[in-house]
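Structure, as structure tokens:
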Amino acid sequence: MLALVGRCIELENRHIDIKKITWQETIDIRHRVLWPEKPASFCELNGDVDALHLGAFIEGQLVCVASVFIDGNRARLRKFATLPEYQGQGVGGAVLSTILNGNILSDQGVENFWCDARESAMSLYKRFGMLPEGQRFYKGDIPYFRMNIQLEQ
């Protein structure tokens with residue numbers, strides 16, 4: 001079991017509480033932000049039950065979700081989404097920092113962290129040292145790049 005009990009970050013005079021949540025708590029934001037034209041069930045993933053799910057809360061409201069799927073020494077970020085009214089304010093960066101710079105991955109022996117990133121969000125991942133791998137690809141009509149980082153042990 002991962003030993004993440006929570007993290008409180010001060011950002012632009014706001015407290016952001018980052019803590020573990022259930023996969024069910026991720027669905028509304030996943031659906032509203034990533035695939036609003038699909039049914040909510042489209043945002044459920046095989047493996048959700050076993051993955052680590054984090055939520056960022058501002059004033060008690062869940063505003064950002066991220067799911068980390070660990071497979072041996074690799075971890076994959078999936079369904080990372082921030083409500084539109086909170087985008088561009090550092091919330092997603094705080095969540096990504098918690099994942100990459102905390103003990104979440106190292107405690108599990110993770111050496112490689114990756115995700116399929118929407119092209120429009122690549123700059124966020126690059127700020128954390130993640131690099132594009134391969135060519136642009138599409139999910140529906142949305143362009144993506146695989147982003148990857150080797151972690152220090």
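Identifiers for the structure tokens are assigned positionally: chains receive A, B, ... in sequence, residues are indexed from 1 per chain, and ligands are indexed from 1 in the order shown.
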Report as CSV the residues of stretch 73-130 of chain A within 10 Å of stretch 53-65 of chain A, each with its shortest atom pair and distance in Å (one decimal), using only C-alpha atoms, ordered by chain and increasing residue number.
```
residue,atom,partner,partner_atom,distance
A:Leu77,CA,A:His53,CA,9.8
A:Arg78,CA,A:Val65,CA,9.6
A:Lys79,CA,A:Val65,CA,7.5
A:Phe80,CA,A:Val65,CA,5.6
A:Ala81,CA,A:Val65,CA,5.4
A:Thr82,CA,A:Cys64,CA,4.1
A:Leu83,CA,A:Val63,CA,5.5
A:Pro84,CA,A:Val63,CA,8.9
A:Glu85,CA,A:Val63,CA,8.8
A:Tyr86,CA,A:Val63,CA,7.0
A:Gln87,CA,A:Cys64,CA,9.0
A:Val91,CA,A:Cys64,CA,7.2
A:Gly92,CA,A:Cys64,CA,6.8
A:Ala94,CA,A:Ala56,CA,8.4
A:Val95,CA,A:Ala56,CA,6.9
A:Leu96,CA,A:Leu54,CA,9.9
A:Thr98,CA,A:Leu54,CA,9.4
A:Ile99,CA,A:Leu54,CA,8.9
```
Can you tell me, as a compact mmCIF listing (two decimals) with N, CA and C atoms, in the first residue's frame, what residues are no more than 6 Å from stretch 40-52 of chain A when counting only C-alpha atoms, ignoring any on the same chain fewer than 4 positions away?
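Just written: around-v9.txt:
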```txt
# COMPACT_ATOMS: atom_id res chain seq x y z
N TRP A 23 -11.33 5.63 -7.43
CA TRP A 23 -11.47 5.76 -8.89
C TRP A 23 -12.84 6.33 -9.24
N HIS A 31 -14.77 12.82 -17.21
CA HIS A 31 -15.82 12.93 -18.23
C HIS A 31 -15.99 14.38 -18.68
N SER A 67 -4.61 9.63 -12.40
CA SER A 67 -4.56 8.21 -12.08
C SER A 67 -3.22 7.65 -12.53
N VAL A 68 -2.58 6.90 -11.63
CA VAL A 68 -1.27 6.33 -11.89
C VAL A 68 -1.40 4.81 -11.84
N PHE A 69 -1.01 4.18 -12.93
CA PHE A 69 -1.07 2.73 -13.06
C PHE A 69 0.35 2.20 -13.02
```
Counting only C-alpha atoms, what are the residues of stretch 25-86 of chain A within 6 Å of stretch 110-134 of chain A, and for each of them which pair of atoms is the nearest and at what distance in Å, to one decimal? Sort the table by chain and rising number, as CSV.
```
residue,atom,partner,partner_atom,distance
A:Asn73,CA,A:Val110,CA,4.1
A:Arg74,CA,A:Asn112,CA,4.8
A:Ala75,CA,A:Phe113,CA,4.9
A:Arg76,CA,A:Trp114,CA,5.0
A:Leu77,CA,A:Cys115,CA,5.0
```
Looking only at the backbone, which of the residues in chain A does DSSP tag as helix (DSSP H, G or I), as an mmCIF file with all heavy atoms, in the first residue's frame?
```cif
data_model
loop_
_atom_site.group_PDB
_atom_site.id
_atom_site.type_symbol
_atom_site.label_atom_id
_atom_site.label_comp_id
_atom_site.auth_asym_id
_atom_site.auth_seq_id
_atom_site.Cartn_x
_atom_site.Cartn_y
_atom_site.Cartn_z
ATOM 1 N N TRP A 23 -11.332 5.626 -7.429
ATOM 2 C CA TRP A 23 -11.472 5.756 -8.886
ATOM 3 C C TRP A 23 -12.837 6.325 -9.239
ATOM 4 O O TRP A 23 -12.965 7.072 -10.202
ATOM 5 C CB TRP A 23 -11.200 4.423 -9.595
ATOM 6 C CG TRP A 23 -12.243 3.371 -9.431
ATOM 7 C CD1 TRP A 23 -12.273 2.387 -8.488
ATOM 8 C CD2 TRP A 23 -13.406 3.184 -10.238
ATOM 9 N NE1 TRP A 23 -13.385 1.606 -8.657
ATOM 10 C CE2 TRP A 23 -14.106 2.063 -9.724
ATOM 11 C CE3 TRP A 23 -13.932 3.851 -11.347
ATOM 12 C CZ2 TRP A 23 -15.285 1.597 -10.279
ATOM 13 C CZ3 TRP A 23 -15.116 3.391 -11.899
ATOM 14 C CH2 TRP A 23 -15.779 2.284 -11.376
ATOM 15 N N GLN A 24 -13.844 6.000 -8.440
ATOM 16 C CA GLN A 24 -15.178 6.508 -8.723
ATOM 17 C C GLN A 24 -15.228 8.038 -8.635
ATOM 18 O O GLN A 24 -15.955 8.681 -9.383
ATOM 19 C CB GLN A 24 -16.210 5.894 -7.761
ATOM 20 C CG GLN A 24 -16.407 4.406 -7.939
ATOM 21 C CD GLN A 24 -15.516 3.571 -7.010
ATOM 22 O OE1 GLN A 24 -14.473 4.022 -6.546
ATOM 23 N NE2 GLN A 24 -15.940 2.339 -6.762
ATOM 24 N N GLU A 25 -14.421 8.609 -7.727
ATOM 25 C CA GLU A 25 -14.386 10.062 -7.575
ATOM 26 C C GLU A 25 -13.746 10.761 -8.773
ATOM 27 O O GLU A 25 -13.939 11.956 -8.961
ATOM 28 C CB GLU A 25 -13.638 10.444 -6.295
ATOM 29 C CG GLU A 25 -14.373 10.075 -5.027
ATOM 30 C CD GLU A 25 -13.539 10.318 -3.793
ATOM 31 O OE1 GLU A 25 -12.558 9.559 -3.583
ATOM 32 O OE2 GLU A 25 -13.849 11.270 -3.045
ATOM 33 N N THR A 26 -12.995 10.029 -9.582
ATOM 34 C CA THR A 26 -12.333 10.633 -10.744
ATOM 35 C C THR A 26 -13.269 10.804 -11.940
ATOM 36 O O THR A 26 -13.016 11.630 -12.810
ATOM 37 C CB THR A 26 -11.134 9.785 -11.226
ATOM 38 O OG1 THR A 26 -11.601 8.562 -11.801
ATOM 39 C CG2 THR A 26 -10.142 9.512 -10.108
ATOM 40 N N ILE A 27 -14.317 10.015 -11.993
ATOM 41 C CA ILE A 27 -15.121 9.897 -13.219
ATOM 42 C C ILE A 27 -15.737 11.223 -13.660
ATOM 43 O O ILE A 27 -15.689 11.572 -14.844
ATOM 44 C CB ILE A 27 -16.199 8.809 -13.075
ATOM 45 C CG1 ILE A 27 -15.548 7.445 -12.832
ATOM 46 C CG2 ILE A 27 -17.106 8.768 -14.307
ATOM 47 C CD1 ILE A 27 -14.599 6.983 -13.927
ATOM 48 N N ASP A 28 -16.319 11.984 -12.765
ATOM 49 C CA ASP A 28 -16.991 13.223 -13.163
ATOM 50 C C ASP A 28 -16.027 14.182 -13.853
ATOM 51 O O ASP A 28 -16.339 14.710 -14.930
ATOM 52 C CB ASP A 28 -17.649 13.899 -11.956
ATOM 53 C CG ASP A 28 -18.359 15.182 -12.364
ATOM 54 O OD1 ASP A 28 -19.265 15.106 -13.224
ATOM 55 O OD2 ASP A 28 -17.997 16.255 -11.842
ATOM 56 N N ILE A 29 -14.862 14.401 -13.270
ATOM 57 C CA ILE A 29 -13.911 15.338 -13.893
ATOM 58 C C ILE A 29 -13.325 14.737 -15.163
ATOM 59 O O ILE A 29 -13.179 15.440 -16.170
ATOM 60 C CB ILE A 29 -12.829 15.778 -12.895
ATOM 61 C CG1 ILE A 29 -13.478 16.676 -11.829
ATOM 62 C CG2 ILE A 29 -11.684 16.517 -13.607
ATOM 63 C CD1 ILE A 29 -12.536 17.171 -10.752
ATOM 64 N N ARG A 30 -12.990 13.465 -15.161
ATOM 65 C CA ARG A 30 -12.519 12.815 -16.393
ATOM 66 C C ARG A 30 -13.525 13.068 -17.518
ATOM 67 O O ARG A 30 -13.148 13.438 -18.631
ATOM 68 C CB ARG A 30 -12.379 11.307 -16.201
ATOM 69 C CG ARG A 30 -11.211 10.829 -15.409
ATOM 70 C CD ARG A 30 -11.283 9.311 -15.312
ATOM 71 N NE ARG A 30 -10.199 8.713 -14.564
ATOM 72 C CZ ARG A 30 -10.074 7.399 -14.376
ATOM 73 N NH1 ARG A 30 -10.965 6.568 -14.885
ATOM 74 N NH2 ARG A 30 -9.064 6.920 -13.688
ATOM 75 N N HIS A 31 -14.770 12.820 -17.211
ATOM 76 C CA HIS A 31 -15.817 12.935 -18.226
ATOM 77 C C HIS A 31 -15.989 14.379 -18.678
ATOM 78 O O HIS A 31 -15.998 14.673 -19.882
ATOM 79 C CB HIS A 31 -17.127 12.372 -17.661
ATOM 80 C CG HIS A 31 -18.252 12.414 -18.627
ATOM 81 N ND1 HIS A 31 -19.414 13.090 -18.363
ATOM 82 C CD2 HIS A 31 -18.402 11.865 -19.855
ATOM 83 C CE1 HIS A 31 -20.226 12.951 -19.390
ATOM 84 N NE2 HIS A 31 -19.644 12.225 -20.307
ATOM 85 N N ARG A 32 -16.142 15.297 -17.744
ATOM 86 C CA ARG A 32 -16.388 16.702 -18.073
ATOM 87 C C ARG A 32 -15.242 17.329 -18.856
ATOM 88 O O ARG A 32 -15.472 18.147 -19.760
ATOM 89 C CB ARG A 32 -16.618 17.501 -16.793
ATOM 90 C CG ARG A 32 -17.953 17.188 -16.152
ATOM 91 C CD ARG A 32 -18.099 17.721 -14.749
ATOM 92 N NE ARG A 32 -17.849 19.152 -14.623
ATOM 93 C CZ ARG A 32 -17.719 19.772 -13.458
ATOM 94 N NH1 ARG A 32 -17.801 19.098 -12.331
ATOM 95 N NH2 ARG A 32 -17.511 21.066 -13.425
ATOM 96 N N VAL A 33 -13.992 16.956 -18.546
ATOM 97 C CA VAL A 33 -12.835 17.612 -19.154
ATOM 98 C C VAL A 33 -12.322 16.882 -20.393
ATOM 99 O O VAL A 33 -12.032 17.513 -21.411
ATOM 100 C CB VAL A 33 -11.693 17.762 -18.119
ATOM 101 C CG1 VAL A 33 -10.432 18.326 -18.759
ATOM 102 C CG2 VAL A 33 -12.150 18.635 -16.957
ATOM 103 N N LEU A 34 -12.197 15.571 -20.322
ATOM 104 C CA LEU A 34 -11.517 14.835 -21.383
ATOM 105 C C LEU A 34 -12.435 14.347 -22.509
ATOM 106 O O LEU A 34 -12.062 14.428 -23.678
ATOM 107 C CB LEU A 34 -10.775 13.634 -20.784
ATOM 108 C CG LEU A 34 -9.697 13.989 -19.759
ATOM 109 C CD1 LEU A 34 -9.136 12.717 -19.135
ATOM 110 C CD2 LEU A 34 -8.598 14.833 -20.387
ATOM 111 N N ALA A 40 -20.269 8.781 -19.648
ATOM 112 C CA ALA A 40 -19.347 8.766 -18.507
ATOM 113 C C ALA A 40 -18.624 7.430 -18.395
ATOM 114 O O ALA A 40 -17.446 7.379 -18.018
ATOM 115 C CB ALA A 40 -20.089 9.094 -17.221
ATOM 116 N N SER A 41 -19.293 6.345 -18.755
ATOM 117 C CA SER A 41 -18.667 5.021 -18.668
ATOM 118 C C SER A 41 -17.436 4.901 -19.569
ATOM 119 O O SER A 41 -16.565 4.072 -19.318
ATOM 120 C CB SER A 41 -19.682 3.932 -19.007
ATOM 121 O OG SER A 41 -20.141 4.093 -20.346
ATOM 122 N N PHE A 42 -17.342 5.733 -20.601
ATOM 123 C CA PHE A 42 -16.182 5.746 -21.486
ATOM 124 C C PHE A 42 -14.915 6.116 -20.715
ATOM 125 O O PHE A 42 -13.811 5.751 -21.113
ATOM 126 C CB PHE A 42 -16.417 6.732 -22.642
ATOM 127 C CG PHE A 42 -15.299 6.789 -23.645
ATOM 128 C CD1 PHE A 42 -15.212 5.844 -24.649
ATOM 129 C CD2 PHE A 42 -14.349 7.788 -23.586
ATOM 130 C CE1 PHE A 42 -14.186 5.899 -25.588
ATOM 131 C CE2 PHE A 42 -13.315 7.853 -24.515
ATOM 132 C CZ PHE A 42 -13.239 6.894 -25.516
ATOM 133 N N CYS A 43 -15.070 6.827 -19.623
ATOM 134 C CA CYS A 43 -13.936 7.319 -18.834
ATOM 135 C C CYS A 43 -13.480 6.332 -17.769
ATOM 136 O O CYS A 43 -12.532 6.601 -17.035
ATOM 137 C CB CYS A 43 -14.296 8.653 -18.193
ATOM 138 S SG CYS A 43 -14.644 9.925 -19.412
ATOM 139 N N ASP A 48 -8.643 0.389 -13.066
ATOM 140 C CA ASP A 48 -8.921 1.496 -12.147
ATOM 141 C C ASP A 48 -8.927 1.042 -10.686
ATOM 142 O O ASP A 48 -8.472 1.768 -9.806
ATOM 143 C CB ASP A 48 -10.271 2.149 -12.468
ATOM 144 C CG ASP A 48 -10.147 3.404 -13.325
ATOM 145 O OD1 ASP A 48 -9.065 4.025 -13.351
ATOM 146 O OD2 ASP A 48 -11.153 3.768 -13.962
ATOM 147 N N VAL A 49 -9.444 -0.137 -10.443
ATOM 148 C CA VAL A 49 -9.560 -0.634 -9.065
ATOM 149 C C VAL A 49 -8.192 -0.722 -8.393
ATOM 150 O O VAL A 49 -8.056 -0.441 -7.203
ATOM 151 C CB VAL A 49 -10.265 -2.013 -9.048
ATOM 152 C CG1 VAL A 49 -10.215 -2.651 -7.673
ATOM 153 C CG2 VAL A 49 -11.699 -1.865 -9.513
ATOM 154 N N ASP A 50 -7.154 -1.071 -9.143
ATOM 155 C CA ASP A 50 -5.817 -1.271 -8.574
ATOM 156 C C ASP A 50 -4.900 -0.061 -8.708
ATOM 157 O O ASP A 50 -3.801 -0.063 -8.153
ATOM 158 C CB ASP A 50 -5.150 -2.475 -9.246
ATOM 159 C CG ASP A 50 -5.925 -3.753 -9.002
ATOM 160 O OD1 ASP A 50 -6.361 -3.967 -7.847
ATOM 161 O OD2 ASP A 50 -6.110 -4.529 -9.953
ATOM 162 N N PRO A 84 -11.813 23.227 -16.255
ATOM 163 C CA PRO A 84 -11.379 24.366 -17.075
ATOM 164 C C PRO A 84 -11.149 25.655 -16.284
ATOM 165 O O PRO A 84 -10.198 26.388 -16.552
ATOM 166 C CB PRO A 84 -12.513 24.540 -18.085
ATOM 167 C CG PRO A 84 -13.144 23.204 -18.178
ATOM 168 C CD PRO A 84 -13.002 22.577 -16.818
ATOM 169 N N GLU A 85 -11.987 25.929 -15.316
ATOM 170 C CA GLU A 85 -11.843 27.185 -14.567
ATOM 171 C C GLU A 85 -10.617 27.196 -13.648
ATOM 172 O O GLU A 85 -10.257 28.241 -13.107
ATOM 173 C CB GLU A 85 -13.120 27.493 -13.779
ATOM 174 C CG GLU A 85 -13.533 26.444 -12.782
ATOM 175 C CD GLU A 85 -14.483 25.384 -13.350
ATOM 176 O OE1 GLU A 85 -14.419 25.058 -14.549
ATOM 177 O OE2 GLU A 85 -15.294 24.882 -12.546
ATOM 178 N N TYR A 86 -9.933 26.063 -13.505
ATOM 179 C CA TYR A 86 -8.724 25.986 -12.688
ATOM 180 C C TYR A 86 -7.474 25.716 -13.526
ATOM 181 O O TYR A 86 -6.379 25.637 -12.993
ATOM 182 C CB TYR A 86 -8.878 24.911 -11.604
ATOM 183 C CG TYR A 86 -9.907 25.299 -10.572
ATOM 184 C CD1 TYR A 86 -11.233 24.908 -10.713
ATOM 185 C CD2 TYR A 86 -9.553 26.085 -9.484
ATOM 186 C CE1 TYR A 86 -12.188 25.278 -9.781
ATOM 187 C CE2 TYR A 86 -10.502 26.458 -8.543
ATOM 188 C CZ TYR A 86 -11.816 26.056 -8.696
ATOM 189 O OH TYR A 86 -12.754 26.436 -7.773
ATOM 190 N N VAL A 91 -2.443 24.088 -10.716
ATOM 191 C CA VAL A 91 -3.026 22.956 -9.998
ATOM 192 C C VAL A 91 -2.493 21.635 -10.556
ATOM 193 O O VAL A 91 -2.027 20.762 -9.813
ATOM 194 C CB VAL A 91 -4.568 22.984 -10.038
ATOM 195 C CG1 VAL A 91 -5.156 21.780 -9.325
ATOM 196 C CG2 VAL A 91 -5.093 24.279 -9.433
ATOM 197 N N GLY A 92 -2.560 21.467 -11.868
ATOM 198 C CA GLY A 92 -2.049 20.247 -12.489
ATOM 199 C C GLY A 92 -0.564 20.070 -12.229
ATOM 200 O O GLY A 92 -0.108 18.955 -11.975
ATOM 201 N N GLY A 93 0.182 21.154 -12.272
ATOM 202 C CA GLY A 93 1.611 21.087 -11.971
ATOM 203 C C GLY A 93 1.866 20.627 -10.548
ATOM 204 O O GLY A 93 2.804 19.872 -10.292
ATOM 205 N N ALA A 94 1.039 21.070 -9.612
ATOM 206 C CA ALA A 94 1.183 20.645 -8.215
ATOM 207 C C ALA A 94 0.931 19.144 -8.086
ATOM 208 O O ALA A 94 1.636 18.446 -7.345
ATOM 209 C CB ALA A 94 0.231 21.439 -7.326
ATOM 210 N N VAL A 95 -0.052 18.638 -8.814
ATOM 211 C CA VAL A 95 -0.338 17.202 -8.777
ATOM 212 C C VAL A 95 0.815 16.427 -9.412
ATOM 213 O O VAL A 95 1.295 15.433 -8.852
ATOM 214 C CB VAL A 95 -1.683 16.886 -9.463
ATOM 215 C CG1 VAL A 95 -1.883 15.380 -9.604
ATOM 216 C CG2 VAL A 95 -2.832 17.526 -8.695
ATOM 217 N N LEU A 96 1.275 16.860 -10.564
ATOM 218 C CA LEU A 96 2.382 16.178 -11.237
ATOM 219 C C LEU A 96 3.639 16.219 -10.371
ATOM 220 O O LEU A 96 4.366 15.229 -10.265
ATOM 221 C CB LEU A 96 2.621 16.798 -12.614
ATOM 222 C CG LEU A 96 3.454 15.993 -13.595
ATOM 223 C CD1 LEU A 96 2.946 14.573 -13.767
ATOM 224 C CD2 LEU A 96 3.504 16.708 -14.936
ATOM 225 N N SER A 97 3.900 17.339 -9.720
ATOM 226 C CA SER A 97 5.044 17.444 -8.810
ATOM 227 C C SER A 97 4.916 16.455 -7.658
ATOM 228 O O SER A 97 5.894 15.818 -7.259
ATOM 229 C CB SER A 97 5.154 18.867 -8.271
ATOM 230 O OG SER A 97 6.197 18.962 -7.332
ATOM 231 N N THR A 98 3.724 16.312 -7.123
ATOM 232 C CA THR A 98 3.493 15.358 -6.034
ATOM 233 C C THR A 98 3.812 13.941 -6.490
ATOM 234 O O THR A 98 4.432 13.165 -5.760
ATOM 235 C CB THR A 98 2.033 15.451 -5.539
ATOM 236 O OG1 THR A 98 1.818 16.771 -5.024
ATOM 237 C CG2 THR A 98 1.738 14.425 -4.468
ATOM 238 N N ILE A 99 3.426 13.611 -7.705
ATOM 239 C CA ILE A 99 3.680 12.272 -8.238
ATOM 240 C C ILE A 99 5.171 12.067 -8.476
ATOM 241 O O ILE A 99 5.748 11.063 -8.047
ATOM 242 C CB ILE A 99 2.892 12.041 -9.547
ATOM 243 C CG1 ILE A 99 1.387 12.040 -9.267
ATOM 244 C CG2 ILE A 99 3.326 10.731 -10.219
ATOM 245 C CD1 ILE A 99 0.525 12.143 -10.521
ATOM 246 N N LEU A 100 5.805 13.005 -9.151
ATOM 247 C CA LEU A 100 7.197 12.823 -9.563
ATOM 248 C C LEU A 100 8.222 13.107 -8.476
ATOM 249 O O LEU A 100 9.288 12.495 -8.459
ATOM 250 C CB LEU A 100 7.492 13.702 -10.784
ATOM 251 C CG LEU A 100 6.856 13.243 -12.081
ATOM 252 C CD1 LEU A 100 7.037 14.290 -13.166
ATOM 253 C CD2 LEU A 100 7.424 11.902 -12.518
ATOM 254 N N ASN A 101 7.932 14.045 -7.587
ATOM 255 C CA ASN A 101 8.939 14.465 -6.613
ATOM 256 C C ASN A 101 8.693 13.944 -5.211
ATOM 257 O O ASN A 101 9.507 14.144 -4.322
ATOM 258 C CB ASN A 101 9.037 15.991 -6.594
ATOM 259 C CG ASN A 101 9.459 16.530 -7.940
ATOM 260 O OD1 ASN A 101 10.295 15.953 -8.620
ATOM 261 N ND2 ASN A 101 8.854 17.624 -8.363
ATOM 262 N N SER A 106 8.999 6.181 -6.136
ATOM 263 C CA SER A 106 10.232 5.559 -5.653
ATOM 264 C C SER A 106 9.947 4.450 -4.648
ATOM 265 O O SER A 106 10.624 3.424 -4.643
ATOM 266 C CB SER A 106 11.179 6.600 -5.063
ATOM 267 O OG SER A 106 10.587 7.245 -3.953
ATOM 268 N N ASP A 107 8.936 4.617 -3.800
ATOM 269 C CA ASP A 107 8.586 3.575 -2.833
ATOM 270 C C ASP A 107 8.138 2.290 -3.511
ATOM 271 O O ASP A 107 8.204 1.219 -2.915
ATOM 272 C CB ASP A 107 7.468 4.054 -1.897
ATOM 273 C CG ASP A 107 7.961 5.008 -0.823
ATOM 274 O OD1 ASP A 107 9.187 5.260 -0.751
ATOM 275 O OD2 ASP A 107 7.116 5.521 -0.065
ATOM 276 N N GLN A 108 7.687 2.395 -4.746
ATOM 277 C CA GLN A 108 7.228 1.230 -5.499
ATOM 278 C C GLN A 108 8.293 0.699 -6.459
ATOM 279 O O GLN A 108 8.024 -0.205 -7.240
ATOM 280 C CB GLN A 108 5.970 1.595 -6.287
ATOM 281 C CG GLN A 108 4.804 1.996 -5.408
ATOM 282 C CD GLN A 108 4.353 0.854 -4.524
ATOM 283 O OE1 GLN A 108 4.051 -0.230 -4.998
ATOM 284 N NE2 GLN A 108 4.317 1.092 -3.221
ATOM 285 N N GLU A 119 -1.255 16.990 -27.219
ATOM 286 C CA GLU A 119 -0.241 17.924 -27.721
ATOM 287 C C GLU A 119 -0.376 19.296 -27.064
ATOM 288 O O GLU A 119 0.618 19.944 -26.749
ATOM 289 C CB GLU A 119 -0.343 18.042 -29.242
ATOM 290 C CG GLU A 119 0.768 18.856 -29.857
ATOM 291 C CD GLU A 119 0.754 18.800 -31.375
ATOM 292 O OE1 GLU A 119 -0.269 18.426 -31.988
ATOM 293 O OE2 GLU A 119 1.800 19.137 -31.957
ATOM 294 N N SER A 120 -1.591 19.714 -26.789
ATOM 295 C CA SER A 120 -1.827 21.027 -26.177
ATOM 296 C C SER A 120 -1.283 21.124 -24.754
ATOM 297 O O SER A 120 -1.130 22.222 -24.230
ATOM 298 C CB SER A 120 -3.324 21.340 -26.181
ATOM 299 O OG SER A 120 -4.030 20.371 -25.424
ATOM 300 N N ALA A 121 -0.971 19.989 -24.123
ATOM 301 C CA ALA A 121 -0.489 19.991 -22.739
ATOM 302 C C ALA A 121 0.981 19.618 -22.619
ATOM 303 O O ALA A 121 1.506 19.499 -21.508
ATOM 304 C CB ALA A 121 -1.324 19.021 -21.906
ATOM 305 N N MET A 122 1.671 19.458 -23.725
ATOM 306 C CA MET A 122 3.062 18.993 -23.680
ATOM 307 C C MET A 122 3.978 19.893 -22.857
ATOM 308 O O MET A 122 4.894 19.405 -22.201
ATOM 309 C CB MET A 122 3.618 18.847 -25.103
ATOM 310 C CG MET A 122 3.101 17.628 -25.806
ATOM 311 S SD MET A 122 3.734 17.488 -27.490
ATOM 312 C CE MET A 122 5.482 17.364 -27.227
ATOM 313 N N SER A 123 3.741 21.190 -22.867
ATOM 314 C CA SER A 123 4.637 22.087 -22.136
ATOM 315 C C SER A 123 4.628 21.788 -20.632
ATOM 316 O O SER A 123 5.660 21.922 -19.968
ATOM 317 C CB SER A 123 4.281 23.555 -22.393
ATOM 318 O OG SER A 123 2.981 23.837 -21.908
ATOM 319 N N LEU A 124 3.491 21.376 -20.091
ATOM 320 C CA LEU A 124 3.428 21.006 -18.676
ATOM 321 C C LEU A 124 4.383 19.853 -18.393
ATOM 322 O O LEU A 124 5.188 19.914 -17.464
ATOM 323 C CB LEU A 124 1.999 20.611 -18.284
ATOM 324 C CG LEU A 124 1.849 19.982 -16.900
ATOM 325 C CD1 LEU A 124 2.199 20.972 -15.799
ATOM 326 C CD2 LEU A 124 0.444 19.435 -16.711
ATOM 327 N N TYR A 125 4.322 18.819 -19.178
ATOM 328 C CA TYR A 125 5.163 17.646 -18.959
ATOM 329 C C TYR A 125 6.641 17.970 -19.171
ATOM 330 O O TYR A 125 7.498 17.485 -18.430
ATOM 331 C CB TYR A 125 4.712 16.502 -19.862
ATOM 332 C CG TYR A 125 3.290 16.088 -19.589
ATOM 333 C CD1 TYR A 125 2.250 16.496 -20.420
ATOM 334 C CD2 TYR A 125 2.971 15.333 -18.470
ATOM 335 C CE1 TYR A 125 0.942 16.135 -20.153
ATOM 336 C CE2 TYR A 125 1.660 14.982 -18.187
ATOM 337 C CZ TYR A 125 0.654 15.385 -19.033
ATOM 338 O OH TYR A 125 -0.644 15.044 -18.763
ATOM 339 N N LYS A 126 6.945 18.793 -20.144
ATOM 340 C CA LYS A 126 8.333 19.180 -20.402
ATOM 341 C C LYS A 126 8.936 19.924 -19.209
ATOM 342 O O LYS A 126 10.121 19.777 -18.918
ATOM 343 C CB LYS A 126 8.424 20.036 -21.666
ATOM 344 C CG LYS A 126 8.256 19.240 -22.939
ATOM 345 C CD LYS A 126 8.363 20.135 -24.161
ATOM 346 C CE LYS A 126 8.247 19.341 -25.442
ATOM 347 N NZ LYS A 126 8.319 20.194 -26.638
ATOM 348 N N ARG A 127 8.110 20.715 -18.507
ATOM 349 C CA ARG A 127 8.611 21.428 -17.320
ATOM 350 C C ARG A 127 9.103 20.470 -16.237
ATOM 351 O O ARG A 127 9.908 20.843 -15.392
ATOM 352 C CB ARG A 127 7.525 22.339 -16.731
ATOM 353 C CG ARG A 127 7.291 23.590 -17.524
ATOM 354 C CD ARG A 127 6.557 24.657 -16.728
ATOM 355 N NE ARG A 127 5.363 24.229 -16.049
ATOM 356 C CZ ARG A 127 4.123 24.368 -16.511
ATOM 357 N NH1 ARG A 127 3.908 24.936 -17.687
ATOM 358 N NH2 ARG A 127 3.097 23.961 -15.821
#
```
Could you give me, as a VMD selection string, each residue of stretch 98-150 of chain A that DSSP assigns to strand (DSSP E or B) when run on this structure's backbone? chain A and resid 112 to 118 131 to 139 142 to 150
Distance of atom CA of A:Lys139 from atom CA of A:Pro39, expressed in Å to one decimal place: 16.2 Å
Atomic distance atom CA of A:His15 - atom CA of A:Gly88, expressed in Å with one decimal: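 For atom CA of A:His15 relative to atom CA of A:Gly88, the distance reads 15.8 Å.
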Between atom CA of A:Gly72 and atom CA of A:Leu151, measure the distance and give it in Å to one decimal.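 Computing the Euclidean distance for atom CA of A:Gly72 and atom CA of A:Leu151 yields 13.7 Å.
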